[in-house]
Each structure stands twice: as structure tokens, then as C-alpha cells.
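Chemist: File follows, structure_31.cif with mmCIF, C-alpha atoms and all ligand atoms:
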data_model
#
loop_
_atom_site.group_PDB
_atom_site.id
_atom_site.type_symbol
_atom_site.label_atom_id
_atom_site.label_comp_id
_atom_site.auth_asym_id
_atom_site.auth_seq_id
_atom_site.Cartn_x
_atom_site.Cartn_y
_atom_site.Cartn_z
ATOM 1 C CA MET A 1 20.770 -8.481 -7.473
ATOM 2 C CA VAL A 2 19.760 -11.793 -5.898
ATOM 3 C CA GLU A 3 17.936 -9.861 -3.158
ATOM 4 C CA LEU A 4 16.128 -7.782 -5.738
ATOM 5 C CA LEU A 5 14.959 -10.933 -7.526
ATOM 6 C CA ILE A 6 13.782 -12.383 -4.229
ATOM 7 C CA PHE A 7 11.700 -9.260 -3.569
ATOM 8 C CA LEU A 8 10.318 -9.437 -7.095
ATOM 9 C CA PHE A 9 9.426 -13.094 -6.626
ATOM 10 C CA LEU A 10 7.833 -12.375 -3.233
ATOM 11 C CA GLY A 11 5.881 -9.462 -4.707
ATOM 12 C CA LEU A 12 4.481 -11.571 -7.529
ATOM 13 C CA SER A 13 3.624 -14.474 -5.226
ATOM 14 C CA PHE A 14 1.951 -12.227 -2.668
ATOM 15 C CA GLY A 15 0.139 -10.598 -5.570
ATOM 16 C CA SER A 16 -1.200 -13.975 -6.585
ATOM 17 C CA PHE A 17 -2.313 -14.556 -2.985
ATOM 18 C CA ALA A 18 -3.911 -11.081 -2.927
ATOM 19 C CA ASN A 19 -6.059 -12.140 -5.888
ATOM 20 C CA VAL A 20 -7.229 -15.144 -3.897
ATOM 21 C CA LEU A 21 -8.122 -12.938 -0.918
ATOM 22 C CA ILE A 22 -9.879 -10.314 -3.055
ATOM 23 C CA TYR A 23 -11.993 -12.987 -4.714
ATOM 24 C CA ARG A 24 -12.688 -15.244 -1.750
ATOM 25 C CA ILE A 25 -13.122 -13.047 1.336
ATOM 26 C CA PRO A 26 -16.381 -11.393 0.193
ATOM 27 C CA LYS A 27 -17.702 -14.803 -0.938
ATOM 28 C CA GLU A 28 -16.666 -16.407 2.354
ATOM 29 C CA ILE A 29 -14.786 -19.197 0.605
ATOM 30 C CA SER A 30 -11.901 -20.700 2.587
ATOM 31 C CA ILE A 31 -8.576 -19.152 1.654
ATOM 32 C CA ILE A 32 -6.642 -22.432 1.688
ATOM 33 C CA ILE A 33 -9.070 -25.053 0.394
ATOM 34 C CA PRO A 34 -10.023 -25.507 -2.416
ATOM 35 C CA SER A 35 -6.954 -24.667 -4.496
ATOM 36 C CA SER A 36 -7.331 -22.128 -7.305
ATOM 37 C CA PHE A 37 -10.174 -22.766 -9.711
ATOM 38 C CA CYS A 38 -11.699 -21.042 -12.710
ATOM 39 C CA PRO A 39 -14.671 -18.948 -11.519
ATOM 40 C CA ASN A 40 -16.557 -19.925 -14.681
ATOM 41 C CA CYS A 41 -16.058 -23.681 -15.250
ATOM 42 C CA LYS A 42 -14.748 -24.475 -11.728
ATOM 43 C CA ASN A 43 -11.883 -26.563 -13.163
ATOM 44 C CA LYS A 44 -8.822 -26.651 -10.956
ATOM 45 C CA ILE A 45 -6.012 -24.463 -12.201
ATOM 46 C CA LYS A 46 -2.766 -26.429 -12.547
ATOM 47 C CA PHE A 47 0.323 -24.950 -10.917
ATOM 48 C CA TYR A 48 1.911 -24.224 -14.305
ATOM 49 C CA ASP A 49 -1.157 -22.188 -15.272
ATOM 50 C CA ASN A 50 -0.946 -20.265 -12.033
ATOM 51 C CA ILE A 51 2.396 -18.494 -12.462
ATOM 52 C CA PRO A 52 1.926 -14.778 -11.798
ATOM 53 C CA VAL A 53 1.640 -12.615 -14.939
ATOM 54 C CA LEU A 54 3.391 -15.197 -17.183
ATOM 55 C CA SER A 55 0.516 -17.682 -17.217
ATOM 56 C CA TYR A 56 -1.861 -14.908 -18.146
ATOM 57 C CA LEU A 57 0.327 -14.091 -21.147
ATOM 58 C CA PHE A 58 0.795 -17.760 -22.145
ATOM 59 C CA LEU A 59 -2.918 -18.465 -21.965
ATOM 60 C CA LYS A 60 -3.602 -15.181 -23.785
ATOM 61 C CA GLY A 61 -5.945 -14.164 -20.987
ATOM 62 C CA ARG A 62 -8.299 -17.136 -21.331
ATOM 63 C CA CYS A 63 -9.104 -20.196 -19.220
ATOM 64 C CA ARG A 64 -7.364 -23.353 -20.559
ATOM 65 C CA TYR A 65 -10.566 -25.405 -20.155
ATOM 66 C CA CYS A 66 -13.551 -23.254 -20.972
ATOM 67 C CA GLY A 67 -11.919 -20.368 -22.834
ATOM 68 C CA GLU A 68 -13.617 -17.819 -20.586
ATOM 69 C CA LYS A 69 -11.773 -14.513 -20.429
ATOM 70 C CA ILE A 70 -9.595 -14.093 -17.336
ATOM 71 C CA SER A 71 -9.981 -10.624 -15.874
ATOM 72 C CA LEU A 72 -7.071 -8.317 -16.610
ATOM 73 C CA ARG A 73 -7.237 -7.477 -12.937
ATOM 74 C CA TYR A 74 -5.352 -10.666 -11.976
ATOM 75 C CA PRO A 75 -2.054 -9.792 -13.670
ATOM 76 C CA LEU A 76 -2.605 -6.142 -12.743
ATOM 77 C CA VAL A 77 -2.788 -6.959 -9.017
ATOM 78 C CA GLU A 78 0.309 -9.146 -9.390
ATOM 79 C CA ILE A 79 2.270 -6.360 -11.076
ATOM 80 C CA LEU A 80 1.075 -3.806 -8.499
ATOM 81 C CA SER A 81 2.164 -6.146 -5.729
ATOM 82 C CA ALA A 82 5.561 -6.613 -7.365
ATOM 83 C CA ILE A 83 6.016 -2.804 -7.415
ATOM 84 C CA ILE A 84 4.867 -2.650 -3.781
ATOM 85 C CA PHE A 85 7.587 -5.124 -2.790
ATOM 86 C CA VAL A 86 10.461 -3.999 -4.997
ATOM 87 C CA VAL A 87 10.389 -0.193 -4.685
ATOM 88 C CA PRO A 88 10.649 0.058 -0.859
ATOM 89 C CA TYR A 89 13.491 -2.472 -1.029
ATOM 90 C CA LEU A 90 15.312 -0.191 -3.499
ATOM 91 C CA TYR A 91 14.908 2.733 -1.094
ATOM 92 C CA PHE A 92 15.572 1.129 2.264
ATOM 93 C CA GLY A 93 17.142 -2.290 1.627
ATOM 94 C CA ILE A 94 16.246 -5.096 3.990
ATOM 95 C CA SER A 95 14.894 -3.126 6.937
ATOM 96 C CA LEU A 96 11.863 -2.511 9.097
ATOM 97 C CA LYS A 97 11.133 0.599 7.009
ATOM 98 C CA THR A 98 10.813 -1.593 3.931
ATOM 99 C CA LEU A 99 8.521 -3.978 5.796
ATOM 100 C CA GLU A 100 6.366 -1.036 6.942
ATOM 101 C CA ALA A 101 6.041 0.441 3.469
ATOM 102 C CA ILE A 102 5.247 -2.937 1.930
ATOM 103 C CA SER A 103 2.667 -3.929 4.509
ATOM 104 C CA ILE A 104 0.607 -0.729 4.484
ATOM 105 C CA MET A 105 0.479 -0.713 0.681
ATOM 106 C CA TYR A 106 -0.248 -4.443 0.445
ATOM 107 C CA PHE A 107 -3.050 -4.425 3.035
ATOM 108 C CA LEU A 108 -4.647 -1.318 1.561
ATOM 109 C CA MET A 109 -4.432 -2.696 -1.970
ATOM 110 C CA ILE A 110 -6.443 -5.788 -1.020
ATOM 111 C CA MET A 111 -8.978 -3.741 0.962
ATOM 112 C CA ALA A 112 -9.282 -1.222 -1.891
ATOM 113 C CA PHE A 113 -10.190 -3.882 -4.462
ATOM 114 C CA ILE A 114 -12.684 -5.473 -2.080
ATOM 115 C CA ASP A 115 -14.189 -2.063 -1.259
ATOM 116 C CA PHE A 116 -14.481 -1.387 -4.981
ATOM 117 C CA ASP A 117 -16.303 -4.709 -5.510
ATOM 118 C CA THR A 118 -18.497 -4.843 -2.440
ATOM 119 C CA HIS A 119 -18.388 -1.454 -0.642
ATOM 120 C CA TYR A 120 -17.323 -3.310 2.482
ATOM 121 C CA VAL A 121 -14.278 -3.230 4.699
ATOM 122 C CA TYR A 122 -13.816 -6.684 6.197
ATOM 123 C CA ASP A 123 -12.711 -7.145 9.819
ATOM 124 C CA ILE A 124 -10.807 -10.263 8.853
ATOM 125 C CA LEU A 125 -8.398 -7.995 6.925
ATOM 126 C CA LEU A 126 -8.677 -4.854 9.017
ATOM 127 C CA PHE A 127 -7.789 -6.217 12.451
ATOM 128 C CA PRO A 128 -4.784 -8.348 11.493
ATOM 129 C CA SER A 129 -3.372 -5.355 9.608
ATOM 130 C CA LEU A 130 -3.918 -3.071 12.622
ATOM 131 C CA TYR A 131 -2.169 -5.550 14.941
ATOM 132 C CA PHE A 132 0.632 -6.091 12.471
ATOM 133 C CA GLY A 133 1.094 -2.321 12.132
ATOM 134 C CA PHE A 134 1.412 -1.843 15.894
ATOM 135 C CA LEU A 135 3.807 -4.764 16.086
ATOM 136 C CA ILE A 136 6.162 -3.243 13.497
ATOM 137 C CA ALA A 137 5.762 0.167 15.180
ATOM 138 C CA PHE A 138 6.894 -1.434 18.438
ATOM 139 C CA PHE A 139 10.008 -2.924 16.859
ATOM 140 C CA SER A 140 10.702 0.304 14.952
ATOM 141 C CA LYS A 141 10.542 2.167 18.285
ATOM 142 C CA HIS A 142 7.812 4.606 17.317
ATOM 143 C CA LEU A 143 4.892 2.853 18.948
ATOM 144 C CA LEU A 144 3.755 5.936 20.856
ATOM 145 C CA SER A 145 3.606 8.181 17.803
ATOM 146 C CA SER A 146 1.834 5.397 15.896
ATOM 147 C CA ILE A 147 -0.775 5.114 18.633
ATOM 148 C CA ILE A 148 -1.288 8.893 18.634
ATOM 149 C CA PHE A 149 -1.646 9.228 14.882
ATOM 150 C CA SER A 150 -3.764 6.133 14.633
ATOM 151 C CA PHE A 151 -6.106 7.633 17.212
ATOM 152 C CA LEU A 152 -6.096 11.007 15.421
ATOM 153 C CA GLY A 153 -6.871 9.252 12.146
ATOM 154 C CA PHE A 154 -9.768 7.420 13.727
ATOM 155 C CA LEU A 155 -11.071 10.644 15.281
ATOM 156 C CA PHE A 156 -10.743 12.443 11.946
ATOM 157 C CA GLY A 157 -12.768 9.668 10.285
ATOM 158 C CA ILE A 158 -15.460 9.792 12.955
ATOM 159 C CA LEU A 159 -15.684 13.579 12.577
ATOM 160 C CA ILE A 160 -16.080 13.417 8.796
ATOM 161 C CA ARG A 161 -18.707 10.717 9.214
ATOM 162 C CA TRP A 162 -20.558 12.727 11.823
ATOM 163 C CA GLY A 163 -20.231 15.966 9.822
ATOM 164 C CA GLY A 164 -21.455 14.278 6.654
ATOM 165 C CA ASN A 165 -24.497 12.906 8.420
ATOM 166 C CA LYS A 166 -25.313 16.215 10.118
ATOM 167 C CA ILE A 167 -24.580 18.708 7.376
ATOM 168 C CA PHE A 168 -25.213 16.856 4.121
ATOM 169 C CA LYS A 169 -27.664 14.360 5.562
ATOM 170 C CA LYS A 170 -25.870 11.560 3.802
ATOM 171 C CA GLU A 171 -23.201 8.995 4.484
ATOM 172 C CA ALA A 172 -19.920 10.735 3.754
ATOM 173 C CA LEU A 173 -17.945 7.745 4.966
ATOM 174 C CA GLY A 174 -18.696 4.083 5.394
ATOM 175 C CA GLU A 175 -18.742 2.492 8.805
ATOM 176 C CA GLY A 176 -15.356 0.860 8.337
ATOM 177 C CA ASP A 177 -13.562 3.913 6.945
ATOM 178 C CA PRO A 178 -12.508 5.520 10.276
ATOM 179 C CA TYR A 179 -10.721 2.240 11.092
ATOM 180 C CA VAL A 180 -8.864 2.457 7.810
ATOM 181 C CA PHE A 181 -7.810 6.018 8.733
ATOM 182 C CA ALA A 182 -6.569 4.556 12.027
ATOM 183 C CA LEU A 183 -4.604 1.939 10.101
ATOM 184 C CA MET A 184 -2.981 4.614 7.944
ATOM 185 C CA GLY A 185 -2.071 6.632 11.032
ATOM 186 C CA ILE A 186 0.010 3.752 12.377
ATOM 187 C CA TYR A 187 2.253 3.790 9.333
ATOM 188 C CA ILE A 188 2.146 7.382 8.124
ATOM 189 C CA ARG A 189 2.604 9.997 10.793
ATOM 190 C CA GLY A 190 3.135 13.704 11.261
ATOM 191 C CA PHE A 191 2.702 16.035 8.321
ATOM 192 C CA ASP A 192 3.086 13.098 5.981
ATOM 193 C CA PHE A 193 -0.263 11.916 7.287
ATOM 194 C CA LEU A 194 -1.903 15.177 6.174
ATOM 195 C CA PHE A 195 -0.056 15.056 2.893
ATOM 196 C CA VAL A 196 -1.317 11.547 2.068
ATOM 197 C CA PHE A 197 -4.864 12.542 2.994
ATOM 198 C CA PHE A 198 -4.668 15.607 0.824
ATOM 199 C CA LEU A 199 -3.322 13.527 -2.054
ATOM 200 C CA SER A 200 -6.020 10.867 -1.634
ATOM 201 C CA PHE A 201 -8.812 13.411 -1.505
ATOM 202 C CA LEU A 202 -7.406 15.230 -4.512
ATOM 203 C CA ILE A 203 -7.402 11.996 -6.539
ATOM 204 C CA GLY A 204 -10.807 11.149 -5.090
ATOM 205 C CA SER A 205 -12.377 14.458 -6.069
ATOM 206 C CA ILE A 206 -11.043 14.334 -9.615
ATOM 207 C CA PHE A 207 -12.222 10.761 -10.187
ATOM 208 C CA GLY A 208 -15.324 11.342 -8.105
ATOM 209 C CA ILE A 209 -16.526 14.178 -10.308
ATOM 210 C CA ILE A 210 -15.839 12.181 -13.475
ATOM 211 C CA ILE A 211 -17.583 9.067 -12.151
ATOM 212 C CA LEU A 212 -20.562 10.986 -10.778
ATOM 213 C CA LEU A 213 -20.966 12.830 -14.080
ATOM 214 C CA PHE A 214 -20.829 9.790 -16.299
ATOM 215 C CA LYS A 215 -22.033 6.856 -14.266
ATOM 216 C CA LYS A 216 -24.569 8.372 -11.903
ATOM 217 C CA GLU A 217 -23.216 6.142 -9.141
ATOM 218 C CA LYS A 218 -24.509 7.218 -5.783
ATOM 219 C CA TYR A 219 -21.791 5.669 -3.682
ATOM 220 C CA LEU A 220 -18.102 6.114 -4.229
ATOM 221 C CA PRO A 221 -15.781 3.641 -2.525
ATOM 222 C CA LEU A 222 -13.128 5.535 -0.609
ATOM 223 C CA LEU A 223 -10.407 2.941 -0.225
ATOM 224 C CA PRO A 224 -9.180 2.919 -3.837
ATOM 225 C CA PHE A 225 -8.358 6.616 -3.386
ATOM 226 C CA LEU A 226 -6.714 6.112 -0.011
ATOM 227 C CA PHE A 227 -4.685 3.298 -1.531
ATOM 228 C CA SER A 228 -3.684 5.538 -4.466
ATOM 229 C CA GLY A 229 -2.513 8.252 -2.062
ATOM 230 C CA VAL A 230 -0.500 5.833 0.068
ATOM 231 C CA PHE A 231 0.896 4.131 -3.032
ATOM 232 C CA ILE A 232 2.074 7.386 -4.643
ATOM 233 C CA TYR A 233 3.524 8.575 -1.332
ATOM 234 C CA ASN A 234 5.614 5.407 -1.012
ATOM 235 C CA ILE A 235 6.594 5.003 -4.652
ATOM 236 C CA ILE A 236 7.587 8.507 -5.760
ATOM 237 C CA PRO A 237 11.319 8.799 -6.480
ATOM 238 C CA PHE A 238 11.863 10.949 -3.429
ATOM 239 C CA ARG A 239 9.840 10.504 -0.309
ATOM 240 C CA TRP A 240 8.321 13.478 1.412
ATOM 241 C CA SER A 241 9.235 13.308 5.013
ATOM 242 C CA PHE A 242 8.290 16.465 6.757
ATOM 243 C CA PHE A 243 8.176 14.998 10.151
ATOM 244 C CA ILE A 244 10.312 12.058 11.004
ATOM 245 C CA TYR A 245 10.331 10.067 14.187
HETATM 246 ZN ZN ZN B 301 -12.744 -22.063 -17.065
#
Please re-express this file's structure in C-alpha cells.
Modeler:
Amino acid sequence: MVELLIFLFLGLSFGSFANVLIYRIPKEISIIIPSSFCPNCKNKIKFYDNIPVLSYLFLKGRCRYCGEKISLRYPLVEILSAIIFVVPYLYFGISLKTLEAISIMYFLMIMAFIDFDTHYVYDILLFPSLYFGFLIAFFSKHLLSSIIFSFLGFLFGILIRWGGNKIFKKEALGEGDPYVFALMGIYIRGFDFLFVFFLSFLIGSIFGIIILLFKKEKYLPLLPFLFSGVFIYNIIPFRWSFFIY
């Protein structure tokens, strides 16, 4: 029970940090300094107004100083992050498997929100998460299969990108997307890899059609769908594991 609460606390805190990264990385603001501030009135947010989820409820979703609405996304990211931390712990306890599941979901969540906002995948997130993935793979003793599937993922991404350009004469994938496929390949291997892709593309096509019909958006960010696929794969009450190393 104490462990569970620790994971919950970690999830909420990392969620709060994820909000900082999602907001600051595209704006190139330092992650550490300044401390949290209201994007509208720039007033510093006191620590007691910065408690994940609870502060949002206490303040009724408004800034204490200027009354500007706080985006519902902040508590949402914190709750998502709490789920990302707690559920793998419930499945695998304190283990490398838990760390793997948490890190792929956490990294992809941040990248997905940033992709949604800016249509960019930032190296400052991508490369540390790739290195971290290989490091865990090494300690989990499946480094070789991670390298293979990471490479296959990258190749798959390059092929889709190339095919999209050749056949449809338009950008099917962004420049950074094949690297994200590579990242997913480190963590999710074998048939599971195909399964997660299928799931992501299924979600993507359903939402894609709806969005294209109603919003006339030309570009659809891919990462939110990849994140959804990876999230569902890791969270569902039983995990598909067709191919275990
Ligand atoms: Zn304010």
C-alpha cells in the first residue's frame, strides 16, 4: 500500500513536471529557472497552488492572481501520468519491466502533446529517451532484440515517408516520426510491435477521418495516436504478449 502511494505520488509529480516540459520546450524557456508562473499574468505560482490536480480543484481552474482560466490539460496530464506510473506497478511490482512501461509511456506522452501543439518532435526529448531505452534494454538483457526492432521501426518509418512522398506526393510522416518508431521498437518488440502499430493506426484513421471532415486540417500530428496505442497496450487489464524475449 505504501509502495502504491509512492508510485501515485511519483506519477503526479512527474505529471506536473511533464506540464512544464510540454509548455517550455517549444518556447525554449529553461526548464529549471524561472519557477512555475502563470502564462497570462506571469505571477509566480506558490508551492501550495502547484499541487498536482488538487490545486486545480481548489482554485476552481483559475489563476489566483488574474483569474485567467487554467487549461484543463494541466490536471489531465497529471492524472494521465499517475495512471502511467501506477498501472505498470500493479502488474509488475518494482521491476525493470515497470520502469520500461512507465518510461515509454511517459516520454511519448510529453512528445505527443508537443507534437499536437507544434507539429515538432524535439531532439532534446527524443535522444535522451532513446539512450534511456537502450540502457534499460541492456539491464533487462534484451539489448540485441531492442536494437533490431528499433532499427526495423526506423526503417518502417523511412519507408512510409518515402512511399508517401512518391505515391501520394505529400508528407505522410514528419521528419522526426521514423525516430519515434525507432524509440517504440526499443520497448515494444516482436508481434507486439505490429499490434501497437495496428492499434495506433486504427485510432488514427478513425480520428483522422473525423478531424479531416470537420476541421479541414491539412496536417495530422501522428504522435498522439502512437501514444494512444502504446498507452492502451500497456494499460489494458491483460497484456498481449505474443512474442516475449
Ligand atoms: Zn495569472
Chemist: Mind checking which residues fall within 9 Å of region 111-115 of chain A, counting only C-alpha atoms, ignoring those fewer than 4 positions away in the same chain, and posting them as a list in words?
Modeler: Leu21, Ile22, Tyr23, Ile25, Pro26, Tyr106, Phe107, His119, Tyr120, Val121, Tyr122, Leu125, Leu126, Pro221, Leu222, Leu223, Pro224, Phe225, Leu226 and Phe227 of chain A
Chemist: Counting all atoms listed in the file, what are the residues, protein, DNA or RNA alike, that approach ligand ZN 301 (chain B) to within 7 Å? I want them as a PDB file with C-alpha atoms, in the coordinates of the input.
Modeler:
ATOM      1  CA  CYS A  38     -11.699 -21.042 -12.710  1.00  0.00           C
ATOM      2  CA  PRO A  39     -14.671 -18.948 -11.519  1.00  0.00           C
ATOM      3  CA  ASN A  40     -16.557 -19.925 -14.681  1.00  0.00           C
ATOM      4  CA  CYS A  41     -16.058 -23.681 -15.250  1.00  0.00           C
ATOM      5  CA  LYS A  42     -14.748 -24.475 -11.728  1.00  0.00           C
ATOM      6  CA  ASN A  43     -11.883 -26.563 -13.163  1.00  0.00           C
ATOM      7  CA  CYS A  63      -9.104 -20.196 -19.220  1.00  0.00           C
ATOM      8  CA  ARG A  64      -7.364 -23.353 -20.559  1.00  0.00           C
ATOM      9  CA  TYR A  65     -10.566 -25.405 -20.155  1.00  0.00           C
ATOM     10  CA  CYS A  66     -13.551 -23.254 -20.972  1.00  0.00           C
ATOM     11  CA  GLY A  67     -11.919 -20.368 -22.834  1.00  0.00           C
ATOM     12  CA  GLU A  68     -13.617 -17.819 -20.586  1.00  0.00           C
TER      13      GLU A  68
END
Chemist: At what distance in Å, to one decimal, does CA of Val87 (chain A) lie from CA of Phe149 (chain A)?
Modeler: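 CA of Val87 (chain A) lies 24.8 Å from CA of Phe149 (chain A).
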Chemist: For region 181-194 of chain A, work out the shell of residues within 9 Å, counting all atoms listed in the file and skipping chain neighbours fewer than 2 positions away, then give it as a PyMOL selection string.
Modeler: chain A and resi 100-101+104+108+126+129-130+133-134+137+143+145-157+177-179+196-199+226+230+233+240-245
Chemist: Report as a Markdown table: every residue of region 52-87 of chain A with an atom at most 6 Å from region 8-12 of chain A, its closest pair of atoms, and their distance in Å to one decimal, counting all atoms listed in the file, with rows sorted by chain and ascending residue number.
Modeler:
| residue | atom | partner | partner_atom | distance |
| --- | --- | --- | --- | --- |
| A:Pro52 | CA | A:Leu12 | CA | 5.9 |
| A:Glu78 | CA | A:Leu12 | CA | 5.2 |
| A:Ser81 | CA | A:Gly11 | CA | 5.1 |
| A:Ala82 | CA | A:Gly11 | CA | 3.9 |
| A:Phe85 | CA | A:Gly11 | CA | 5.0 |
| A:Val86 | CA | A:Leu8 | CA | 5.8 |
Chemist: Mind listing whatever residues come within 12 Å of the point (0.4, -13.4, -11.2)? Use only C-alpha atoms, file coordinates, and give them as a ChimeraX atom specification.
Modeler: /A:8-20,47-58,61,70-82
Chemist: What is the CA of Ser140 (chain A)-CA of Ile110 (chain A) distance in Å, reported with one decimal?
Modeler: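 Separation between CA of Ser140 (chain A) and CA of Ile110 (chain A): 24.2 Å.
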Chemist: Between CA of Leu159 (chain A) and CA of Leu220 (chain A), what distance in Å does the model show, to one decimal?
Modeler: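 It comes out at 18.5 Å.
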Chemist: Of the residues A:Phe231, A:Tyr219, A:Lys170, A:Ile31, which is the one nearest to Ile124 (chain A), using only C-alpha atoms?
Modeler: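 Among the listed residues, the smallest separation from Ile124 (chain A) belongs to A:Ile31.
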Chemist: Nearest to Phe7 (chain A): which of A:Leu96, A:Leu90, A:Met109, A:Ile158 is it, counting only C-alpha atoms?
Modeler: A:Leu90
Chemist: Counting all atoms listed in the file, figure out which residue out of A:Ile33, A:Ile83, A:Ile160, A:Ile235 gets nearest to Leu173 (chain A).
Modeler: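 Checking each of A:Ile33, A:Ile83, A:Ile160, A:Ile235 against Leu173 (chain A), counting all atoms listed in the file, the winner is A:Ile160.
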Chemist: Using all atoms listed in the file for the distances, tell me which of A:Ser35, A:Val180, A:Ile209, A:Lys97 is nearest to His142 (chain A).
Modeler: A:Lys97
Chemist: Using all atoms listed in the file, which of A:Leu213, A:Ile136, A:Lys69, A:Asp123 sits nearest Gly176 (chain A)?
Modeler: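 Comparing A:Leu213, A:Ile136, A:Lys69, A:Asp123 against Gly176 (chain A), the winner is A:Asp123.
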